[in-house]
file coords.json (JSON, C-alpha atoms)
[["chain", "number", "residue", "atom", "x", "y", "z"],
["A", 234, "MET", "CA", -86.15, 78.18, -1.77],
["A", 235, "THR", "CA", -83.76, 80.54, -0.04],
["A", 236, "ALA", "CA", -82.63, 84.03, -1.04],
["A", 237, "SER", "CA", -79.20, 82.50, -1.62],
["A", 238, "SER", "CA", -80.48, 79.88, -4.09],
["A", 239, "ASN", "CA", -82.40, 82.59, -5.96],
["A", 240, "LEU", "CA", -79.18, 84.59, -6.27],
["A", 241, "THR", "CA", -77.07, 81.63, -7.45],
["A", 242, "ARG", "CA", -79.74, 80.86, -10.05],
["A", 243, "GLU", "CA", -79.69, 84.50, -11.20],
["A", 244, "LEU", "CA", -75.88, 84.41, -11.37],
["A", 245, "GLU", "CA", -75.79, 81.20, -13.41],
["A", 246, "THR", "CA", -78.41, 82.58, -15.82],
["A", 247, "LEU", "CA", -76.43, 85.82, -16.16],
["A", 248, "TRP", "CA", -73.28, 83.86, -17.09],
["A", 249, "LEU", "CA", -74.96, 81.48, -19.52],
["A", 250, "THR", "CA", -76.95, 84.26, -21.21],
["A", 251, "ASP", "CA", -74.45, 87.10, -21.32],
["A", 252, "ILE", "CA", -71.08, 85.29, -21.58],
["A", 253, "PRO", "CA", -71.37, 82.84, -24.50],
["A", 254, "VAL", "CA", -68.08, 81.09, -23.68],
["A", 255, "THR", "CA", -69.51, 79.89, -20.35],
["A", 256, "ALA", "CA", -72.32, 78.10, -22.19],
["A", 257, "ALA", "CA", -69.76, 76.45, -24.51],
["A", 258, "MET", "CA", -67.77, 75.39, -21.43],
["A", 259, "GLY", "CA", -70.86, 73.91, -19.73],
["A", 260, "VAL", "CA", -70.35, 76.02, -16.58],
["A", 261, "ARG", "CA", -72.71, 75.28, -13.68],
["A", 262, "ILE", "CA", -72.85, 76.51, -10.09],
["A", 263, "ALA", "CA", -72.42, 73.48, -7.82],
["A", 264, "SER", "CA", -72.95, 75.09, -4.40],
["A", 265, "TYR", "CA", -72.82, 78.27, -2.35],
["A", 266, "ASP", "CA", -73.02, 78.37, 1.44],
["A", 267, "GLY", "CA", -72.79, 82.12, 1.90],
["A", 268, "ALA", "CA", -68.98, 82.13, 1.99],
["A", 269, "THR", "CA", -67.65, 79.51, -0.45],
["A", 270, "LEU", "CA", -68.79, 79.35, -4.08],
["A", 271, "CYS", "CA", -68.16, 76.12, -5.99],
["A", 272, "VAL", "CA", -68.46, 76.15, -9.80],
["A", 273, "ARG", "CA", -67.95, 73.20, -12.13],
["A", 274, "ALA", "CA", -67.57, 72.38, -15.82],
["A", 275, "PRO", "CA", -67.31, 68.99, -17.54],
["A", 276, "LEU", "CA", -63.94, 67.98, -19.02],
["A", 277, "GLU", "CA", -65.23, 67.08, -22.50],
["A", 278, "PRO", "CA", -65.82, 70.61, -23.91],
["A", 279, "ASN", "CA", -62.77, 71.91, -22.02],
["A", 280, "HIS", "CA", -60.04, 69.46, -22.96],
["A", 281, "ASN", "CA", -56.69, 70.18, -24.60],
["A", 282, "PRO", "CA", -54.73, 68.05, -27.11],
["A", 283, "HIS", "CA", -53.48, 65.88, -24.21],
["A", 284, "GLY", "CA", -57.01, 65.02, -23.05],
["A", 285, "THR", "CA", -56.66, 67.05, -19.86],
["A", 286, "ALA", "CA", -58.17, 70.46, -19.07],
["A", 287, "PHE", "CA", -57.21, 73.38, -21.34],
["A", 288, "ALA", "CA", -55.25, 76.06, -19.45],
["A", 289, "GLY", "CA", -57.64, 78.71, -20.75],
["A", 290, "SER", "CA", -60.71, 76.86, -19.47],
["A", 291, "LEU", "CA", -59.12, 76.43, -16.02],
["A", 292, "TYR", "CA", -58.40, 80.15, -15.95],
["A", 293, "SER", "CA", -61.89, 81.11, -17.18],
["A", 294, "LEU", "CA", -63.49, 78.95, -14.50],
["A", 295, "CYS", "CA", -61.33, 80.65, -11.84],
["A", 296, "VAL", "CA", -61.96, 84.22, -13.01],
["A", 297, "LEU", "CA", -65.72, 83.50, -13.18],
["A", 298, "THR", "CA", -65.80, 81.88, -9.74],
["A", 299, "GLY", "CA", -63.96, 84.84, -8.24],
["A", 300, "TRP", "CA", -66.27, 87.30, -10.01],
["A", 301, "GLY", "CA", -69.32, 85.32, -8.88],
["A", 302, "SER", "CA", -68.10, 85.26, -5.29],
["A", 303, "VAL", "CA", -67.89, 89.06, -5.18],
["A", 304, "TRP", "CA", -71.22, 89.41, -7.01],
["A", 305, "LEU", "CA", -72.95, 87.11, -4.50],
["A", 306, "ALA", "CA", -71.33, 88.81, -1.49],
["A", 307, "LEU", "CA", -72.55, 92.21, -2.72],
["A", 308, "ARG", "CA", -75.99, 91.18, -3.94],
["A", 309, "SER", "CA", -76.75, 89.27, -0.73],
["A", 310, "ARG", "CA", -76.19, 92.65, 1.00],
["A", 311, "GLY", "CA", -78.44, 94.44, -1.49],
["A", 312, "ILE", "CA", -75.54, 96.08, -3.33],
["A", 313, "GLU", "CA", -75.48, 96.27, -7.14],
["A", 314, "ALA", "CA", -72.10, 97.28, -8.50],
["A", 315, "LEU", "CA", -69.92, 96.97, -11.58],
["A", 316, "LEU", "CA", -67.27, 94.25, -11.09],
["A", 317, "VAL", "CA", -64.17, 93.95, -13.24],
["A", 318, "ALA", "CA", -61.13, 91.66, -13.00],
["A", 319, "ALA", "CA", -57.98, 93.79, -12.90],
["A", 320, "ASP", "CA", -54.83, 91.70, -12.42],
["A", 321, "SER", "CA", -54.52, 87.98, -11.87],
["A", 322, "THR", "CA", -51.98, 85.23, -11.52],
["A", 323, "ILE", "CA", -52.55, 81.53, -12.11],
["A", 324, "ARG", "CA", -50.26, 78.63, -11.34],
["A", 325, "TYR", "CA", -50.75, 75.22, -12.91],
["A", 326, "ARG", "CA", -49.25, 72.59, -10.61],
["A", 327, "ARG", "CA", -50.65, 69.45, -12.22],
["A", 328, "ALA", "CA", -52.95, 68.39, -15.06],
["A", 329, "VAL", "CA", -56.71, 68.04, -14.45],
["A", 330, "GLY", "CA", -58.06, 64.91, -16.14],
["A", 331, "GLU", "CA", -61.57, 65.03, -14.72],
["A", 332, "GLU", "CA", -64.49, 67.42, -14.22],
["A", 333, "LEU", "CA", -63.20, 70.94, -13.45],
["A", 334, "VAL", "CA", -64.34, 72.05, -9.98],
["A", 335, "CYS", "CA", -63.34, 75.52, -8.75],
["A", 336, "LYS", "CA", -63.76, 76.89, -5.23],
["A", 337, "CYS", "CA", -63.50, 80.44, -3.92],
["A", 338, "THR", "CA", -63.98, 81.63, -0.36],
["A", 339, "VAL", "CA", -64.29, 85.36, 0.24],
["A", 340, "ASP", "CA", -62.23, 86.44, 3.25],
["A", 341, "ALA", "CA", -64.69, 88.10, 5.64],
["A", 342, "SER", "CA", -62.36, 90.85, 6.90],
["A", 343, "ALA", "CA", -61.11, 91.72, 3.39],
["A", 344, "LEU", "CA", -64.74, 91.93, 2.25],
["A", 345, "GLU", "CA", -65.71, 94.21, 5.15],
["A", 346, "ALA", "CA", -62.76, 96.51, 4.34],
["A", 347, "ALA", "CA", -63.78, 96.62, 0.66],
["A", 348, "LEU", "CA", -67.42, 97.29, 1.55],
["A", 349, "ALA", "CA", -66.38, 100.19, 3.83],
["A", 350, "GLU", "CA", -64.16, 101.62, 1.07],
["A", 351, "PHE", "CA", -66.98, 101.22, -1.48],
["A", 352, "ALA", "CA", -69.48, 102.97, 0.83],
["A", 353, "THR", "CA", -67.08, 105.92, 1.27],
["A", 354, "ASN", "CA", -65.59, 106.25, -2.22],
["A", 355, "GLY", "CA", -68.01, 104.47, -4.55],
["A", 356, "LYS", "CA", -65.20, 102.14, -5.55],
["A", 357, "ALA", "CA", -62.98, 99.49, -3.98],
["A", 358, "ARG", "CA", -60.61, 96.64, -4.76],
["A", 359, "LEU", "CA", -60.76, 93.10, -3.42],
["A", 360, "MET", "CA", -58.22, 90.29, -3.71],
["A", 361, "LEU", "CA", -59.57, 86.76, -4.09],
["A", 362, "ALA", "CA", -58.02, 83.30, -4.31],
["A", 363, "CYS", "CA", -59.52, 80.32, -6.15],
["A", 364, "THR", "CA", -58.40, 76.70, -6.34],
["A", 365, "ILE", "CA", -59.02, 73.66, -8.53],
["A", 366, "ASP", "CA", -58.04, 70.19, -7.33],
["A", 367, "ALA", "CA", -57.34, 66.99, -9.25],
["A", 368, "GLY", "CA", -58.29, 64.06, -7.08],
["A", 369, "ASP", "CA", -57.07, 64.95, -3.61],
["A", 370, "GLU", "CA", -54.27, 67.20, -4.82],
["A", 371, "ARG", "CA", -54.11, 70.88, -5.58],
["A", 372, "ALA", "CA", -53.90, 71.37, -9.36],
["A", 373, "VAL", "CA", -54.46, 75.11, -9.84],
["A", 374, "THR", "CA", -54.02, 78.17, -7.65],
["A", 375, "PHE", "CA", -55.39, 81.51, -8.82],
["A", 376, "ALA", "CA", -55.32, 84.97, -7.28],
["A", 377, "ALA", "CA", -56.99, 88.05, -8.72],
["A", 378, "GLN", "CA", -57.80, 91.60, -7.84],
["A", 379, "TYR", "CA", -61.34, 92.70, -8.69],
["A", 380, "ALA", "CA", -62.36, 96.32, -9.01],
["A", 381, "ILE", "CA", -65.80, 97.26, -7.63],
["A", 382, "HIS", "CA", -67.38, 100.41, -9.03],
["A", 383, "ALA", "CA", -70.73, 102.08, -8.34],
["A", 384, "GLN", "CA", -73.16, 101.53, -11.21],
["A", 385, "PRO", "CA", -73.58, 104.60, -13.41],
["A", 386, "THR", "CA", -76.90, 106.26, -12.57],
["A", 387, "HIS", "CA", -79.39, 106.61, -15.42],
["B", 112, "MET", "CA", -46.96, 77.99, -50.07],
["B", 113, "THR", "CA", -44.13, 78.23, -47.55],
["B", 114, "ALA", "CA", -43.10, 75.83, -44.79],
["B", 115, "SER", "CA", -44.22, 78.53, -42.37],
["B", 116, "SER", "CA", -47.75, 78.72, -43.80],
["B", 117, "ASN", "CA", -48.01, 74.92, -43.68],
["B", 118, "LEU", "CA", -47.07, 75.02, -39.99],
["B", 119, "THR", "CA", -49.52, 77.79, -39.09],
["B", 120, "ARG", "CA", -52.27, 75.85, -40.88],
["B", 121, "GLU", "CA", -51.31, 72.71, -38.91],
["B", 122, "LEU", "CA", -51.33, 74.71, -35.66],
["B", 123, "GLU", "CA", -54.75, 76.24, -36.32],
["B", 124, "THR", "CA", -56.19, 72.81, -37.19],
["B", 125, "LEU", "CA", -54.68, 71.34, -34.01],
["B", 126, "TRP", "CA", -56.34, 74.03, -31.89],
["B", 127, "LEU", "CA", -59.75, 73.86, -33.57],
["B", 128, "THR", "CA", -59.79, 70.05, -33.54],
["B", 129, "ASP", "CA", -58.28, 69.23, -30.17],
["B", 130, "ILE", "CA", -59.30, 72.23, -28.00],
["B", 131, "PRO", "CA", -63.09, 72.62, -28.37],
["B", 132, "VAL", "CA", -63.17, 75.99, -26.60],
["B", 133, "THR", "CA", -61.03, 77.54, -29.37],
["B", 134, "ALA", "CA", -63.68, 76.60, -31.94],
["B", 135, "ALA", "CA", -66.39, 78.16, -29.75],
["B", 136, "MET", "CA", -64.24, 81.31, -29.48],
["B", 137, "GLY", "CA", -63.73, 81.48, -33.26],
["B", 138, "VAL", "CA", -59.92, 81.56, -32.93],
["B", 139, "ARG", "CA", -57.96, 82.09, -36.16],
["B", 140, "ILE", "CA", -54.27, 82.66, -36.88],
["B", 141, "ALA", "CA", -53.94, 86.07, -38.51],
["B", 142, "SER", "CA", -50.22, 86.08, -39.34],
["B", 143, "TYR", "CA", -46.79, 84.68, -38.52],
["B", 144, "ASP", "CA", -43.54, 86.15, -39.82],
["B", 145, "GLY", "CA", -41.15, 83.70, -38.18],
["B", 146, "ALA", "CA", -40.89, 85.74, -34.98],
["B", 147, "THR", "CA", -44.27, 87.33, -34.20],
["B", 148, "LEU", "CA", -47.48, 85.29, -34.09],
["B", 149, "CYS", "CA", -50.79, 87.17, -34.35],
["B", 150, "VAL", "CA", -54.01, 85.36, -33.39],
["B", 151, "ARG", "CA", -57.52, 86.80, -33.50],
["B", 152, "ALA", "CA", -61.06, 86.03, -32.37],
["B", 153, "PRO", "CA", -64.30, 87.91, -33.05],
["B", 154, "LEU", "CA", -65.93, 89.81, -30.16],
["B", 155, "GLU", "CA", -69.42, 88.29, -30.55],
["B", 156, "PRO", "CA", -68.78, 84.79, -29.10],
["B", 157, "ASN", "CA", -66.34, 86.26, -26.55],
["B", 158, "HIS", "CA", -68.32, 89.09, -24.98],
["B", 159, "ASN", "CA", -69.16, 89.62, -21.30],
["B", 160, "PRO", "CA", -72.32, 91.15, -19.77],
["B", 161, "HIS", "CA", -70.95, 94.65, -20.54],
["B", 162, "GLY", "CA", -70.58, 93.92, -24.27],
["B", 163, "THR", "CA", -66.78, 93.96, -24.11],
["B", 164, "ALA", "CA", -64.39, 91.00, -24.20],
["B", 165, "PHE", "CA", -64.73, 88.40, -21.41],
["B", 166, "ALA", "CA", -61.61, 88.28, -19.20],
["B", 167, "GLY", "CA", -61.43, 84.51, -19.69],
["B", 168, "SER", "CA", -61.47, 84.81, -23.48],
["B", 169, "LEU", "CA", -58.70, 87.43, -23.40],
["B", 170, "TYR", "CA", -56.63, 85.11, -21.22],
["B", 171, "SER", "CA", -57.34, 82.04, -23.38],
["B", 172, "LEU", "CA", -56.28, 83.93, -26.50],
["B", 173, "CYS", "CA", -53.02, 84.96, -24.78],
["B", 174, "VAL", "CA", -52.17, 81.50, -23.42],
["B", 175, "LEU", "CA", -52.87, 79.98, -26.86],
["B", 176, "THR", "CA", -50.82, 82.60, -28.71],
["B", 177, "GLY", "CA", -47.88, 82.02, -26.36],
["B", 178, "TRP", "CA", -48.19, 78.25, -26.71],
["B", 179, "GLY", "CA", -48.43, 78.57, -30.49],
["B", 180, "SER", "CA", -45.37, 80.81, -30.61],
["B", 181, "VAL", "CA", -43.25, 78.17, -28.84],
["B", 182, "TRP", "CA", -44.77, 75.37, -30.95],
["B", 183, "LEU", "CA", -43.94, 77.24, -34.18],
["B", 184, "ALA", "CA", -40.41, 78.12, -33.01],
["B", 185, "LEU", "CA", -39.72, 74.46, -32.20],
["B", 186, "ARG", "CA", -41.46, 72.87, -35.19],
["B", 187, "SER", "CA", -39.78, 75.25, -37.64],
["B", 188, "ARG", "CA", -36.50, 73.81, -36.27],
["B", 189, "GLY", "CA", -37.77, 70.23, -36.65],
["B", 190, "ILE", "CA", -38.33, 69.77, -32.90],
["B", 191, "GLU", "CA", -41.47, 68.04, -31.59],
["B", 192, "ALA", "CA", -41.92, 68.51, -27.86],
["B", 193, "LEU", "CA", -44.59, 68.57, -25.19],
["B", 194, "LEU", "CA", -45.48, 72.18, -24.24],
["B", 195, "VAL", "CA", -47.31, 73.10, -21.06],
["B", 196, "ALA", "CA", -48.19, 76.50, -19.55],
["B", 197, "ALA", "CA", -46.84, 76.64, -15.99],
["B", 198, "ASP", "CA", -47.39, 80.04, -14.37],
["B", 199, "SER", "CA", -48.86, 83.15, -15.86],
["B", 200, "THR", "CA", -49.90, 86.67, -15.00],
["B", 201, "ILE", "CA", -52.37, 88.84, -16.88],
["B", 202, "ARG", "CA", -53.15, 92.51, -16.41],
["B", 203, "TYR", "CA", -56.32, 94.08, -17.81],
["B", 204, "ARG", "CA", -55.67, 97.78, -18.39],
["B", 205, "ARG", "CA", -58.78, 98.66, -20.39],
["B", 206, "ALA", "CA", -61.84, 96.99, -21.91],
["B", 207, "VAL", "CA", -61.69, 95.52, -25.43],
["B", 208, "GLY", "CA", -64.84, 96.39, -27.38],
["B", 209, "GLU", "CA", -63.74, 95.06, -30.77],
["B", 210, "GLU", "CA", -62.19, 91.97, -32.37],
["B", 211, "LEU", "CA", -59.61, 90.40, -30.01],
["B", 212, "VAL", "CA", -56.14, 90.47, -31.59],
["B", 213, "CYS", "CA", -53.22, 88.98, -29.65],
["B", 214, "LYS", "CA", -49.52, 89.26, -30.53],
["B", 215, "CYS", "CA", -46.54, 87.35, -29.20],
["B", 216, "THR", "CA", -42.90, 87.76, -30.21],
["B", 217, "VAL", "CA", -40.45, 85.11, -29.07],
["B", 218, "ASP", "CA", -37.23, 86.70, -27.80],
["B", 219, "ALA", "CA", -34.44, 85.21, -29.92],
["B", 220, "SER", "CA", -31.81, 84.96, -27.18],
["B", 221, "ALA", "CA", -34.26, 83.48, -24.64],
["B", 222, "LEU", "CA", -35.29, 80.92, -27.27],
["B", 223, "GLU", "CA", -31.68, 79.98, -28.03],
["B", 224, "ALA", "CA", -31.01, 79.50, -24.30],
["B", 225, "ALA", "CA", -34.12, 77.30, -23.95],
["B", 226, "LEU", "CA", -33.18, 75.26, -27.04],
["B", 227, "ALA", "CA", -29.67, 74.67, -25.63],
["B", 228, "GLU", "CA", -31.14, 73.61, -22.27],
["B", 229, "PHE", "CA", -33.65, 71.33, -24.03],
["B", 230, "ALA", "CA", -30.89, 69.71, -26.11],
["B", 231, "THR", "CA", -28.86, 69.00, -22.97],
["B", 232, "ASN", "CA", -31.57, 68.04, -20.46],
["B", 233, "GLY", "CA", -34.60, 67.07, -22.56],
["B", 234, "LYS", "CA", -36.55, 69.86, -20.85],
["B", 235, "ALA", "CA", -36.49, 73.64, -20.61],
["B", 236, "ARG", "CA", -38.54, 76.66, -19.57],
["B", 237, "LEU", "CA", -39.28, 79.74, -21.62],
["B", 238, "MET", "CA", -40.89, 83.03, -20.58],
["B", 239, "LEU", "CA", -43.14, 84.73, -23.11],
["B", 240, "ALA", "CA", -45.08, 87.99, -23.20],
["B", 241, "CYS", "CA", -48.30, 88.60, -25.17],
["B", 242, "THR", "CA", -50.32, 91.76, -25.71],
["B", 243, "ILE", "CA", -53.81, 92.72, -26.85],
["B", 244, "ASP", "CA", -54.58, 96.29, -27.87],
["B", 245, "ALA", "CA", -57.86, 98.19, -28.05],
["B", 246, "GLY", "CA", -57.62, 100.77, -30.80],
["B", 247, "ASP", "CA", -54.13, 102.25, -30.45],
["B", 248, "GLU", "CA", -53.84, 101.57, -26.75],
["B", 249, "ARG", "CA", -52.53, 98.62, -24.80],
["B", 250, "ALA", "CA", -55.48, 96.76, -23.23],
["B", 251, "VAL", "CA", -53.94, 93.51, -21.96],
["B", 252, "THR", "CA", -50.44, 92.44, -20.95],
["B", 253, "PHE", "CA", -49.74, 88.76, -20.33],
["B", 254, "ALA", "CA", -46.60, 86.91, -19.27],
["B", 255, "ALA", "CA", -46.27, 83.16, -18.91],
["B", 256, "GLN", "CA", -43.69, 80.51, -18.36],
["B", 257, "TYR", "CA", -44.00, 77.47, -20.63],
["B", 258, "ALA", "CA", -42.40, 74.13, -19.85],
["B", 259, "ILE", "CA", -40.89, 72.23, -22.80],
["B", 260, "HIS", "CA", -40.50, 68.46, -22.35],
["B", 261, "ALA", "CA", -39.18, 65.80, -24.70],
["B", 262, "GLN", "CA", -42.02, 63.67, -26.12],
["B", 263, "PRO", "CA", -42.30, 60.27, -24.46],
["B", 264, "THR", "CA", -40.90, 57.64, -26.86],
["B", 265, "HIS", "CA", -43.25, 54.84, -27.91]]
call {"tool": "encode", "arguments": {"input": "coords.json", "output": "structure tokens"}}
result
Amino acid sequence: MTASSNLTRELETLWLTDIPVTAAMGVRIASYDGATLCVRAPLEPNHNPHGTAFAGSLYSLCVLTGWGSVWLALRSRGIEALLVAADSTIRYRRAVGEELVCKCTVDASALEAALAEFATNGKARLMLACTIDAGDERAVTFAAQYAIHAQPTH
Amino acid sequence: MTASSNLTRELETLWLTDIPVTAAMGVRIASYDGATLCVRAPLEPNHNPHGTAFAGSLYSLCVLTGWGSVWLALRSRGIEALLVAADSTIRYRRAVGEELVCKCTVDASALEAALAEFATNGKARLMLACTIDAGDERAVTFAAQYAIHAQPTH
């Protein structure tokens, strides 16, 4: 078992325990290689009246995957911080009629800049992009800005 | 019982039956006056690890309220059409630590333009804005473009 698999297990447990909607959606972490996080959810609990994926479920999977990517990037460096989604944009290009699979890759240079800002100011912002494909085609593109804040001290 | 209350009941049943996530979120239609649709969901099934509303639940409530507003505007005019969210942007200004209440008002002139386009081309696009407040302050602003398509004939 690697440190990375311990962290992904901790992240999945955090979601399923502390965000009830993720349990209803059947969210599971599929893989994490240190840069790209892949998160999936079955279609059945996430369908819309047309039998394809509900726009809200596609968005939730993206905002979670982005949040998880930042969380993993920070925790793997020993940093515990408060992460909050600030602004985001989603574009639905085509319907998803299969398992929802979302991918997010943290840009290394953007992460380093955010980490430097966080070390100096105790807060930073980081832009992330996520995607969901249907078959071999891009179905959803998502971009969000996450705010990183130092945890309040107790 | 008015035609409007029959339609809002039909809309709520459609959501709870055909979009499982809305049932998990506890979504209910609070009111509809022919222009403004108000939709609510309790905090408990929609919280995040900080005890405030999950970003994905806030988004889902907005995209549903927008969709429902178009559906009601069309159905109250006897029009059945296929409605799909295309692009959307959401901005989280502050945390929501109470029941989630989303409001959407369809702009009358934008609706008339979309209805005219739909009558001519069998398809149209309509921009909508939704808001969620926390106490007396604006917590979430959401804007989305919905595509309206004629139903396939059988």
call {"tool": "closest_atom_pairs", "arguments": {"input": "coords.json", "of": "region 147-174 of chain B", "to": "region 198-204 of chain B", "cutoff": "12 Å", "atoms": "all atoms listed in the file", "output": "Markdown table"}}
result
| residue | atom | partner | partner_atom | distance |
| --- | --- | --- | --- | --- |
| B:Ala164 | CA | B:Tyr203 | CA | 10.7 |
| B:Phe165 | CA | B:Tyr203 | CA | 10.8 |
| B:Ala166 | CA | B:Tyr203 | CA | 8.0 |
| B:Gly167 | CA | B:Ile201 | CA | 10.4 |
| B:Ser168 | CA | B:Ile201 | CA | 11.9 |
| B:Leu169 | CA | B:Tyr203 | CA | 9.0 |
| B:Tyr170 | CA | B:Ile201 | CA | 7.1 |
| B:Ser171 | CA | B:Ile201 | CA | 10.6 |
| B:Leu172 | CA | B:Ile201 | CA | 11.5 |
| B:Cys173 | CA | B:Ile201 | CA | 8.8 |
| B:Val174 | CA | B:Ser199 | CA | 8.4 |
call {"tool": "atom_distance", "arguments": {"input": "coords.json", "atom1": "CA of Gly233 (chain B)", "atom2": "CA of His260 (chain B)"}}
result
6.1 Å
call {"tool": "closest_residue", "arguments": {"input": "coords.json", "among": "B:Ala245, B:Leu211, B:Ala197, B:Ala219", "to": "Ser180 (chain B)", "atoms": "only C-alpha atoms"}}
result
B:Ala219
call {"tool": "residues_around", "arguments": {"input": "coords.json", "residues": "Ser264 (chain A)", "least_positions_apart": "5", "cutoff": "9 Å", "atoms": "only C-alpha atoms", "output": "tab-separated table (two decimals) with C-alpha atoms, keeping the file's coordinate frame"}}
result
chain	number	residue	atom	x	y	z
A	238	SER	CA	-80.48	79.88	-4.09
A	241	THR	CA	-77.07	81.63	-7.45
A	269	THR	CA	-67.65	79.51	-0.45
A	270	LEU	CA	-68.79	79.35	-4.08
A	271	CYS	CA	-68.16	76.12	-5.99
A	272	VAL	CA	-68.46	76.15	-9.80
call {"tool": "residues_near_point", "arguments": {"input": "coords.json", "point": "(-56.5, 72.4, -37.5)", "cutoff": "12 Å", "atoms": "only C-alpha atoms", "output": "list in words"}}
result
Pro282 of chain A; Asn117, Leu118, Thr119, Arg120, Glu121, Leu122, Glu123, Thr124, Leu125, Trp126, Leu127, Thr128, Asp129, Ile130, Pro131, Thr133, Ala134, Val138, Arg139 and Ile140 of chain B
call {"tool": "atom_distance", "arguments": {"input": "coords.json", "atom1": "CA of Tyr379 (chain A)", "atom2": "CA of His161 (chain B)"}}
result
15.4 Å
call {"tool": "atom_distance", "arguments": {"input": "coords.json", "atom1": "CA of Thr298 (chain A)", "atom2": "CA of Glu350 (chain A)"}}
result
22.6 Å
call {"tool": "residues_around", "arguments": {"input": "coords.json", "residues": "Thr231 (chain B)", "least_positions_apart": "5", "cutoff": "12 Å", "atoms": "all atoms listed in the file", "output": "list in words"}}
result
Ala224, Ala225, Leu226, His260 and Ala261 of chain B
call {"tool": "residues_around", "arguments": {"input": "coords.json", "residues": "Leu316 (chain A)", "least_positions_apart": "5", "cutoff": "8 Å", "atoms": "only C-alpha atoms", "output": "list in words"}}
result
Trp300, Val303, Trp304, Tyr379, Ala380, Ile381 and His382 of chain A
call {"tool": "axis_aligned_box", "arguments": {"input": "coords.json", "around": "region 238-245 of chain B", "padding_each_side": "4 Å", "output": "AutoDock Vina command-line options"}}
result
--center_x -49.4 --center_y 90.6 --center_z -24.3 --size_x 25.0 --size_y 23.2 --size_z 15.5
